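Just protein-v2.tsv here, TSV, C-alpha atoms:
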```tsv
chain	number	residue	atom	x	y	z
A	1	MET	CA	-58.75	-216.49	-73.32
A	2	PRO	CA	-56.74	-214.59	-75.90
A	3	TYR	CA	-54.13	-212.26	-74.52
A	4	SER	CA	-54.56	-208.52	-74.95
A	5	ALA	CA	-51.83	-206.09	-74.01
A	6	SER	CA	-52.75	-203.65	-71.31
A	7	ALA	CA	-52.50	-199.90	-71.75
A	8	GLU	CA	-49.22	-199.88	-69.81
A	9	THR	CA	-47.57	-202.44	-72.07
A	10	ARG	CA	-48.76	-201.03	-75.40
A	11	PRO	CA	-46.03	-198.93	-77.09
A	12	HIS	CA	-46.78	-195.31	-77.84
A	13	PRO	CA	-47.71	-194.76	-81.51
A	14	ARG	CA	-45.06	-193.20	-83.72
A	15	PRO	CA	-45.60	-189.61	-84.81
A	16	ARG	CA	-46.86	-189.57	-88.35
A	17	LEU	CA	-44.33	-188.31	-90.90
A	18	ARG	CA	-45.61	-186.08	-93.68
A	19	LEU	CA	-43.54	-186.84	-96.77
A	20	ARG	CA	-45.26	-184.11	-98.77
A	21	PRO	CA	-45.49	-180.62	-97.21
A	22	ARG	CA	-48.78	-178.78	-97.19
A	23	TRP	CA	-49.33	-177.28	-100.63
A	24	TRP	CA	-50.90	-174.07	-99.35
A	25	ALA	CA	-47.97	-173.41	-97.01
A	26	GLU	CA	-45.53	-173.96	-99.86
A	27	LEU	CA	-47.51	-171.67	-102.14
A	28	VAL	CA	-47.49	-168.88	-99.56
A	29	LEU	CA	-43.75	-169.33	-98.98
A	30	ILE	CA	-42.86	-169.29	-102.68
A	31	VAL	CA	-45.04	-166.27	-103.42
A	32	ALA	CA	-43.54	-164.39	-100.48
A	33	VAL	CA	-39.96	-165.18	-101.52
A	34	TYR	CA	-40.58	-164.27	-105.15
A	35	ALA	CA	-42.27	-161.01	-104.16
A	36	ALA	CA	-39.30	-160.12	-101.96
A	37	TYR	CA	-36.94	-161.04	-104.80
A	38	SER	CA	-38.84	-158.89	-107.31
A	39	ALA	CA	-38.92	-155.93	-104.91
A	40	GLY	CA	-35.23	-156.31	-104.15
A	41	ARG	CA	-34.44	-156.51	-107.85
A	42	LEU	CA	-36.23	-153.23	-108.44
A	43	MET	CA	-34.45	-151.56	-105.53
A	44	ALA	CA	-31.11	-152.85	-106.82
A	45	ARG	CA	-31.13	-150.44	-109.73
A	46	GLY	CA	-27.78	-148.78	-109.98
A	47	ASP	CA	-26.49	-145.83	-111.94
A	48	VAL	CA	-26.95	-146.28	-115.69
A	49	SER	CA	-23.41	-145.20	-116.48
A	50	THR	CA	-22.07	-147.75	-113.99
A	51	ALA	CA	-24.17	-150.50	-115.53
A	52	VAL	CA	-23.01	-149.57	-119.03
A	53	GLY	CA	-19.40	-149.58	-117.87
A	54	HIS	CA	-19.80	-153.07	-116.41
A	55	GLY	CA	-21.37	-154.31	-119.64
A	56	LEU	CA	-18.56	-152.94	-121.79
A	57	ALA	CA	-15.96	-154.40	-119.45
A	58	ILE	CA	-17.56	-157.86	-119.78
A	59	LEU	CA	-17.63	-157.48	-123.56
A	60	ARG	CA	-13.92	-156.58	-123.64
A	61	ILE	CA	-13.04	-159.59	-121.48
A	62	GLU	CA	-14.99	-161.91	-123.78
A	63	LYS	CA	-13.30	-160.53	-126.88
A	64	ALA	CA	-9.89	-160.94	-125.26
A	65	LEU	CA	-10.71	-164.56	-124.38
A	66	ARG	CA	-12.43	-165.19	-127.74
A	67	LEU	CA	-15.71	-166.01	-125.98
A	68	ASN	CA	-17.81	-163.45	-127.83
A	69	ALA	CA	-20.60	-165.68	-129.14
A	70	GLU	CA	-23.27	-163.00	-128.73
A	71	HIS	CA	-22.51	-161.13	-131.97
A	72	PRO	CA	-22.87	-164.06	-134.43
A	73	LEU	CA	-25.95	-165.42	-132.64
A	74	ASN	CA	-27.59	-162.00	-132.52
A	75	ARG	CA	-26.97	-161.44	-136.24
A	76	LEU	CA	-28.47	-164.86	-136.98
A	77	PHE	CA	-31.62	-164.22	-134.93
A	78	THR	CA	-32.01	-160.71	-136.35
A	79	SER	CA	-31.75	-161.82	-139.99
A	80	THR	CA	-33.85	-164.99	-139.59
A	81	PRO	CA	-37.34	-164.39	-138.14
A	82	ALA	CA	-37.97	-168.15	-138.08
A	83	LEU	CA	-35.33	-168.32	-135.36
A	84	GLY	CA	-35.65	-164.90	-133.77
A	85	ILE	CA	-39.40	-164.96	-133.09
A	86	PRO	CA	-39.45	-168.40	-131.36
A	87	ALA	CA	-36.38	-167.36	-129.41
A	88	ASP	CA	-38.17	-164.24	-128.16
A	89	PHE	CA	-41.19	-166.29	-127.14
A	90	ALA	CA	-38.92	-168.74	-125.33
A	91	TYR	CA	-37.14	-165.92	-123.49
A	92	ALA	CA	-40.37	-164.20	-122.49
A	93	SER	CA	-42.28	-167.30	-121.32
A	94	LEU	CA	-40.29	-170.47	-120.54
A	95	HIS	CA	-38.52	-168.89	-117.59
A	96	TYR	CA	-41.89	-168.41	-115.87
A	97	LEU	CA	-43.57	-171.62	-117.06
A	98	VAL	CA	-41.07	-174.48	-117.02
A	99	THR	CA	-39.63	-173.66	-113.59
A	100	PRO	CA	-42.94	-173.82	-111.66
A	101	VAL	CA	-44.02	-176.88	-113.65
A	102	VAL	CA	-40.86	-178.74	-112.63
A	103	LEU	CA	-41.32	-177.58	-109.04
A	104	ILE	CA	-44.90	-178.90	-108.96
A	105	TRP	CA	-43.78	-182.15	-110.59
A	106	ILE	CA	-41.15	-182.68	-107.88
A	107	PHE	CA	-43.74	-181.83	-105.22
A	108	ARG	CA	-46.15	-184.46	-106.49
A	109	SER	CA	-43.91	-187.26	-107.73
A	110	ARG	CA	-40.78	-186.92	-105.56
A	111	PRO	CA	-42.00	-185.51	-102.24
A	112	ALA	CA	-38.88	-186.74	-100.44
A	113	ARG	CA	-36.74	-184.53	-102.71
A	114	TYR	CA	-39.01	-181.50	-102.84
A	115	ARG	CA	-37.80	-179.59	-99.80
A	116	ALA	CA	-34.15	-179.72	-100.88
A	117	ALA	CA	-35.05	-178.76	-104.47
A	118	ARG	CA	-37.15	-175.80	-103.35
A	119	THR	CA	-34.47	-174.60	-100.94
A	120	TRP	CA	-31.81	-174.89	-103.65
A	121	LEU	CA	-33.87	-172.74	-106.02
A	122	MET	CA	-34.58	-170.08	-103.39
A	123	LEU	CA	-31.01	-169.81	-102.17
A	124	SER	CA	-29.67	-169.48	-105.71
A	125	THR	CA	-32.24	-166.81	-106.51
A	126	LEU	CA	-31.24	-164.79	-103.44
A	127	LEU	CA	-27.57	-165.12	-104.45
A	128	GLY	CA	-28.53	-163.79	-107.87
A	129	LEU	CA	-30.16	-160.81	-106.19
A	130	ILE	CA	-26.88	-160.07	-104.44
A	131	GLY	CA	-25.18	-160.13	-107.83
A	132	PHE	CA	-27.70	-157.67	-109.28
A	133	THR	CA	-27.07	-155.35	-106.35
A	134	LEU	CA	-23.28	-155.47	-106.39
A	135	LEU	CA	-22.79	-155.59	-110.15
A	136	PRO	CA	-25.54	-153.83	-112.15
A	137	THR	CA	-24.85	-154.66	-115.79
A	138	CYS	CA	-26.21	-153.25	-119.01
A	139	PRO	CA	-27.29	-156.09	-121.35
A	140	PRO	CA	-25.96	-156.10	-124.92
A	141	ARG	CA	-29.29	-154.96	-126.41
A	142	LEU	CA	-29.15	-151.68	-124.45
A	143	LEU	CA	-25.65	-150.72	-125.57
A	144	GLU	CA	-25.23	-148.09	-128.24
A	145	ALA	CA	-25.87	-149.25	-131.80
A	146	GLY	CA	-22.18	-148.88	-132.60
A	147	HIS	CA	-21.41	-151.99	-130.58
A	148	GLY	CA	-23.23	-154.14	-133.13
A	149	PHE	CA	-26.20	-155.52	-131.20
A	150	VAL	CA	-29.90	-155.48	-132.16
A	151	ASP	CA	-32.71	-155.83	-129.64
A	152	THR	CA	-34.70	-158.71	-131.14
A	153	MET	CA	-37.41	-158.28	-128.50
A	154	ALA	CA	-38.06	-154.79	-129.85
A	155	GLN	CA	-37.68	-155.91	-133.46
A	156	TYR	CA	-40.30	-158.65	-133.17
A	157	SER	CA	-42.47	-157.02	-130.48
A	158	SER	CA	-45.49	-156.94	-132.83
A	159	TYR	CA	-45.61	-160.77	-132.68
A	160	GLY	CA	-45.80	-161.04	-128.91
A	161	TRP	CA	-47.13	-159.43	-125.78
A	162	TRP	CA	-43.85	-157.83	-124.81
A	163	GLY	CA	-42.79	-154.32	-125.65
A	164	ALA	CA	-39.42	-152.74	-126.23
A	165	GLN	CA	-38.36	-153.16	-122.58
A	166	ALA	CA	-37.17	-156.72	-122.06
A	167	SER	CA	-39.83	-159.41	-121.60
A	168	ALA	CA	-42.25	-157.24	-119.61
A	169	PRO	CA	-45.72	-156.75	-121.11
A	170	ARG	CA	-46.34	-153.52	-122.97
A	171	GLY	CA	-46.65	-150.58	-120.63
A	172	LEU	CA	-45.10	-152.44	-117.67
A	173	GLY	CA	-41.46	-151.94	-118.54
A	174	GLY	CA	-40.99	-149.82	-115.45
A	175	MET	CA	-41.83	-152.85	-113.28
A	176	THR	CA	-38.60	-154.62	-114.21
A	177	ASN	CA	-34.92	-153.89	-113.72
A	178	GLN	CA	-33.36	-154.01	-117.17
A	179	TYR	CA	-29.84	-153.78	-115.74
A	180	ALA	CA	-30.12	-156.98	-113.71
A	181	ALA	CA	-28.16	-159.05	-116.21
A	182	MET	CA	-25.31	-160.46	-114.11
A	183	PRO	CA	-25.84	-163.32	-113.31
A	184	SER	CA	-28.38	-164.73	-115.78
A	185	LEU	CA	-31.09	-166.43	-113.78
A	186	HIS	CA	-32.73	-167.47	-117.04
A	187	VAL	CA	-29.76	-169.80	-117.44
A	188	GLY	CA	-29.55	-170.55	-113.72
A	189	TRP	CA	-33.16	-171.64	-113.39
A	190	ALA	CA	-32.83	-173.66	-116.60
A	191	VAL	CA	-29.86	-175.49	-115.07
A	192	TRP	CA	-31.96	-176.21	-111.96
A	193	CYS	CA	-34.74	-177.67	-114.12
A	194	GLY	CA	-32.27	-179.69	-116.18
A	195	VAL	CA	-30.56	-181.24	-113.16
A	196	LEU	CA	-33.87	-182.30	-111.59
A	197	LEU	CA	-35.13	-183.78	-114.85
A	198	TRP	CA	-31.88	-185.66	-115.42
A	199	ARG	CA	-31.80	-187.06	-111.89
A	200	HIS	CA	-35.46	-187.89	-111.29
A	201	ALA	CA	-37.23	-188.36	-114.63
A	202	ARG	CA	-37.89	-191.96	-115.58
A	203	SER	CA	-38.22	-191.46	-119.32
A	204	PRO	CA	-34.95	-191.24	-121.30
A	205	PHE	CA	-36.57	-188.55	-123.46
A	206	MET	CA	-37.31	-186.37	-120.43
A	207	ARG	CA	-33.80	-186.86	-119.11
A	208	TRP	CA	-32.22	-185.75	-122.35
A	209	LEU	CA	-34.68	-182.89	-122.50
A	210	GLY	CA	-33.25	-181.85	-119.14
A	211	VAL	CA	-29.81	-181.71	-120.78
A	212	ALA	CA	-31.00	-179.78	-123.84
A	213	TYR	CA	-33.12	-177.20	-122.02
A	214	PRO	CA	-30.31	-175.18	-120.33
A	215	VAL	CA	-28.24	-175.33	-123.52
A	216	VAL	CA	-31.13	-173.93	-125.58
A	217	ILE	CA	-31.82	-171.19	-123.03
A	218	THR	CA	-28.14	-170.17	-123.05
A	219	ILE	CA	-28.26	-169.78	-126.84
A	220	VAL	CA	-31.55	-167.87	-126.59
A	221	VAL	CA	-30.36	-165.32	-124.03
A	222	MET	CA	-27.26	-164.54	-126.09
A	223	GLY	CA	-28.99	-164.52	-129.49
A	224	THR	CA	-31.68	-162.13	-128.27
A	225	ALA	CA	-28.92	-159.85	-126.86
A	226	ASN	CA	-30.31	-160.06	-123.34
A	227	HIS	CA	-27.16	-161.52	-121.75
A	228	TYR	CA	-23.46	-161.98	-122.30
A	229	PHE	CA	-21.85	-165.38	-122.29
A	230	LEU	CA	-20.22	-164.60	-118.94
A	231	ASP	CA	-23.68	-163.81	-117.55
A	232	ALA	CA	-24.66	-167.38	-118.38
A	233	VAL	CA	-21.48	-168.71	-116.74
A	234	ALA	CA	-22.27	-166.66	-113.63
A	235	GLY	CA	-25.77	-168.15	-113.58
A	236	VAL	CA	-24.29	-171.66	-113.47
A	237	VAL	CA	-21.88	-170.63	-110.70
A	238	VAL	CA	-24.74	-169.18	-108.64
A	239	MET	CA	-26.70	-172.43	-108.95
A	240	ALA	CA	-23.65	-174.45	-107.91
A	241	ALA	CA	-23.19	-172.23	-104.85
A	242	GLY	CA	-26.86	-172.62	-103.98
A	243	ALA	CA	-26.55	-176.40	-104.22
A	244	LEU	CA	-23.60	-176.39	-101.82
A	245	LEU	CA	-25.49	-174.25	-99.32
A	246	THR	CA	-28.71	-176.27	-99.41
A	247	ARG	CA	-27.82	-178.93	-96.85
A	248	PRO	CA	-26.41	-176.48	-94.24
A	249	ALA	CA	-29.44	-174.24	-94.77
A	250	LEU	CA	-31.83	-177.12	-94.13
A	251	ARG	CA	-30.00	-178.10	-90.97
A	252	LEU	CA	-30.10	-174.52	-89.73
A	253	ALA	CA	-33.80	-174.29	-90.53
A	254	ASP	CA	-34.47	-177.48	-88.57
A	255	ARG	CA	-32.59	-176.17	-85.54
A	256	LEU	CA	-34.47	-172.88	-85.67
A	257	TRP	CA	-37.76	-174.76	-85.99
A	258	ALA	CA	-36.95	-176.90	-82.97
A	259	SER	CA	-36.10	-173.82	-80.90
A	260	LEU	CA	-39.50	-172.22	-81.43
A	261	PRO	CA	-41.71	-172.44	-78.33
A	262	PHE	CA	-44.82	-173.33	-80.32
A	263	ALA	CA	-43.14	-175.87	-82.63
A	264	PRO	CA	-44.48	-179.43	-82.27
A	265	ALA	CA	-42.13	-182.24	-81.38
A	266	GLY	CA	-40.23	-183.66	-84.33
A	267	ALA	CA	-39.03	-182.22	-87.61
A	268	PRO	CA	-41.03	-179.97	-89.95
A	269	ASP	CA	-43.29	-181.40	-92.62
A	270	GLY	CA	-41.45	-183.40	-95.24
A	271	VAL	CA	-38.37	-184.01	-93.06
A	272	PRO	CA	-37.48	-187.21	-91.24
A	273	ALA	CA	-36.36	-186.99	-87.66
A	274	GLY	CA	-32.89	-188.22	-88.67
A	275	GLY	CA	-32.11	-185.35	-91.03
A	276	PRO	CA	-33.45	-183.14	-93.82
A	277	ALA	CA	-31.48	-184.37	-96.81
A	278	GLU	CA	-32.79	-187.90	-97.26
A	279	MET	CA	-36.15	-189.45	-96.64
A	280	PRO	CA	-37.00	-193.09	-95.87
A	281	ALA	CA	-37.45	-195.21	-98.96
A	282	GLY	CA	-40.76	-196.65	-97.79
A	283	PRO	CA	-43.18	-196.74	-94.87
A	284	ALA	CA	-41.75	-198.00	-91.64
A	285	ALA	CA	-42.81	-201.47	-90.53
A	286	PRO	CA	-45.46	-201.28	-87.80
A	287	SER	CA	-44.12	-202.10	-84.39
A	288	ARG	CA	-45.60	-205.20	-82.76
A	289	PRO	CA	-46.72	-204.89	-79.13
A	290	SER	CA	-44.36	-206.62	-76.74
A	291	LEU	CA	-45.88	-209.27	-74.46
A	292	PRO	CA	-45.13	-209.08	-70.74
A	293	SER	CA	-42.63	-211.64	-69.57
A	294	LEU	CA	-44.27	-214.53	-67.64
A	295	PRO	CA	-42.64	-215.85	-64.45
A	296	SER	CA	-40.40	-218.80	-65.19
A	297	ALA	CA	-41.56	-222.13	-63.69
A	298	LYS	CA	-39.75	-225.44	-63.18
A	299	PRO	CA	-40.85	-228.28	-65.46
A	300	PRO	CA	-43.49	-230.48	-63.75
A	301	ILE	CA	-42.57	-233.90	-62.33
A	302	VAL	CA	-44.00	-236.48	-64.71
A	303	SER	CA	-44.29	-239.26	-62.10
A	304	GLY	CA	-46.45	-237.08	-59.92
A	305	GLY	CA	-44.30	-237.79	-56.85
A	306	CYS	CA	-44.45	-241.62	-57.18
A	307	ASP	CA	-41.31	-243.77	-57.10
A	308	THR	CA	-40.53	-247.48	-57.43
A	309	SER	CA	-39.70	-249.64	-54.48
A	310	ALA	CA	-36.21	-250.80	-53.71
A	311	GLY	CA	-34.89	-253.32	-56.21
A	312	ASP	CA	-37.68	-252.84	-58.78
A	313	ARG	CA	-36.76	-251.64	-62.26
A	314	PHE	CA	-38.55	-250.87	-65.46
A	315	PRO	CA	-37.30	-252.75	-68.53
A	316	GLY	CA	-34.22	-250.95	-69.90
A	317	GLN	CA	-33.97	-248.68	-66.90
A	318	ARG	CA	-30.45	-247.57	-66.00
A	319	THR	CA	-29.48	-248.07	-62.39
A	320	ARG	CA	-28.65	-245.19	-60.13
A	321	THR	CA	-25.13	-245.29	-58.75
A	322	SER	CA	-25.31	-242.11	-56.74
A	323	ALA	CA	-27.55	-240.85	-54.04
A	324	PRO	CA	-30.77	-239.31	-55.31
A	325	SER	CA	-31.09	-235.55	-55.34
A	326	SER	CA	-34.62	-235.65	-53.97
A	327	PRO	CA	-34.74	-235.35	-50.18
A	328	SER	CA	-37.89	-237.50	-50.10
A	329	VAL	CA	-35.92	-240.69	-50.92
A	330	PRO	CA	-33.89	-241.97	-47.95
A	331	ALA	CA	-30.22	-242.87	-48.32
A	332	ALA	CA	-30.90	-246.51	-47.35
A	333	SER	CA	-32.99	-247.01	-50.51
A	334	ALA	CA	-29.99	-246.11	-52.60
A	335	ALA	CA	-27.86	-248.69	-50.75
A	336	ASP	CA	-30.52	-251.41	-51.29
A	337	ASP	CA	-30.58	-250.66	-55.02
A	338	ALA	CA	-26.84	-251.11	-55.21
A	339	ALA	CA	-27.05	-254.45	-53.39
A	340	ALA	CA	-29.79	-255.72	-55.64
A	341	THR	CA	-27.79	-254.88	-58.67
A	342	ALA	CA	-24.78	-256.77	-57.33
A	343	ARG	CA	-26.95	-259.93	-56.93
```

As structure tokens - that is how I would like this structure written.
Amino acid sequence: MPYSASAETRPHPRPRLRLRPRWWAELVLIVAVYAAYSAGRLMARGDVSTAVGHGLAILRIEKALRLNAEHPLNRLFTSTPALGIPADFAYASLHYLVTPVVLIWIFRSRPARYRAARTWLMLSTLLGLIGFTLLPTCPPRLLEAGHGFVDTMAQYSSYGWWGAQASAPRGLGGMTNQYAAMPSLHVGWAVWCGVLLWRHARSPFMRWLGVAYPVVITIVVMGTANHYFLDAVAGVVVMAAGALLTRPALRLADRLWASLPFAPAGAPDGVPAGGPAEMPAGPAAPSRPSLPSLPSAKPPIVSGGCDTSAGDRFPGQRTRTSAPSSPSVPAASAADDAAATAR
């Protein structure tokens, strides 16, 4: 009958690994983090005079280093509505549209990379919040008119939904911190999107779009007088710091998860048991049940215990010159065989 492994010999099934986290849990987490970020950004409002002083100091540094690209770009956008209006739309919308689209795309098409990408974005955003708190900065558009900047968002506000207070909808300007300019997370989030598109997109067009997107956003934030060039540089630095902290943060999160009394055995969703950074390339091969080892037996005796008489030989049979190993054959039979051979 066919062999079937018993319950004792069957291996325990492997715990199932969820490559893609639960979407509703991720949605709750992202909304909670963004709400905390928005509230912290509002509470990080500093003194207006301090913010203006920081903005003027940045402007002086840029002029000394000949990095002042804001003035020519702002004059170009102000004098050319065909450039200024699309730039205002891009500033007011792409920051809140492209970033979640890329996040959802990574969630669906690259689930093994999603957790690290999401953690990178969150850490960098929290680092940006620290920058807003420690260094409140007045953007160029809020400086006095004598400094040569024009608020294009206010100039072209009749074409969009925003008012004269940054990219907030009309009447909701008080819900945003207009002095949270250093670092520029518009540029930082654009860099995050560009890196993910360059690394994981399959189409060459999408990969080069990932290169162009942060460059375009950098030009937009300076031309609309919402950020200085050094704000954009700080946004890139914040994203680089977030990328360096991602792997240690994931390891710490895994250790904290394992220490919880109600946490199930194994790693959280979307994380292999070996570590959080990389995921297995494909499904693991199913393990085959091991058969129990059978007791070893000596090979059977073909002759069935029969033996030839003394002096008889089969054709081509070699003679035995030594005593047989079987105790059933007497020693005298071996002597008779030797004598017969001599005759």

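Distances to Val233 in chain A were evaluated for A:Val187, A:Leu97, A:Val102, A:Ile58 using all atoms listed in the file, and the minimum falls at A:Val187.
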
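If you measure from each of A:Pro100, A:Pro111, A:Gly128, A:Gly194 to Tyr37 in chain A using only C-alpha atoms, the closest one turns out to be A:Gly128.
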
Judged by only C-alpha atoms, the minimum distance to Gly160 in chain A among A:Leu76, A:Ala90, A:Met122, A:Val236 is found for A:Ala90

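Of note, CA of Phe107 in chain A and CA of Glu26 in chain A are spaced 9.7 Å apart.
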
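From CA of Thr218 in chain A back to CA of Leu67 in chain A, the distance works out to 13.4 Å.
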
Taken to one decimal, the CA of Arg113 in chain A-CA of Trp257 in chain A distance is 19.4 Å

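The set of protein, DNA and RNA residues with any counted atom at most 8 Å from (-30.6, -165.0, -117.3) (all atoms listed in the file) reads Ala181, Met182, Pro183, Ser184, Leu185, His186, Val187, Gly188, Val221, Asn226, His227, Asp231, Ala232 and Gly235 of chain A.
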
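The environment of range 148-151 of chain A within 7 Å, counting all atoms listed in the file and disregarding residues fewer than 5 places along the same chain, consists of His71, Asn74, Pro140, Arg141, Thr224 and Ala225 of chain A.
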
Emit the selected residues as a tab-separated table (two decimals), keeping the file's coordinate frame, including C-alpha atoms.
```tsv
chain	number	residue	atom	x	y	z
A	71	HIS	CA	-22.51	-161.13	-131.97
A	74	ASN	CA	-27.59	-162.00	-132.52
A	140	PRO	CA	-25.96	-156.10	-124.92
A	141	ARG	CA	-29.29	-154.96	-126.41
A	224	THR	CA	-31.68	-162.13	-128.27
A	225	ALA	CA	-28.92	-159.85	-126.86
```

Next item on the list: Please check which residues have atoms at most 10 Å from (-24.7, -175.1, -106.3) in the file's coordinates, counting all atoms listed in the file, and write them as a ChimeraX atom specification.
Entry: /A:120-121,123-124,188,192,236-246

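For the choices A:Ile106, A:His147, A:Val215, A:Leu94, the atom-to-atom distance to Arg199 in chain A is smallest for A:Ile106 when using only C-alpha atoms.
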
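With distances restricted to all atoms listed in the file, A:Val52 is the closest residue to Leu142 in chain A from A:Ala112, A:Val52, A:Leu83, A:Leu230.
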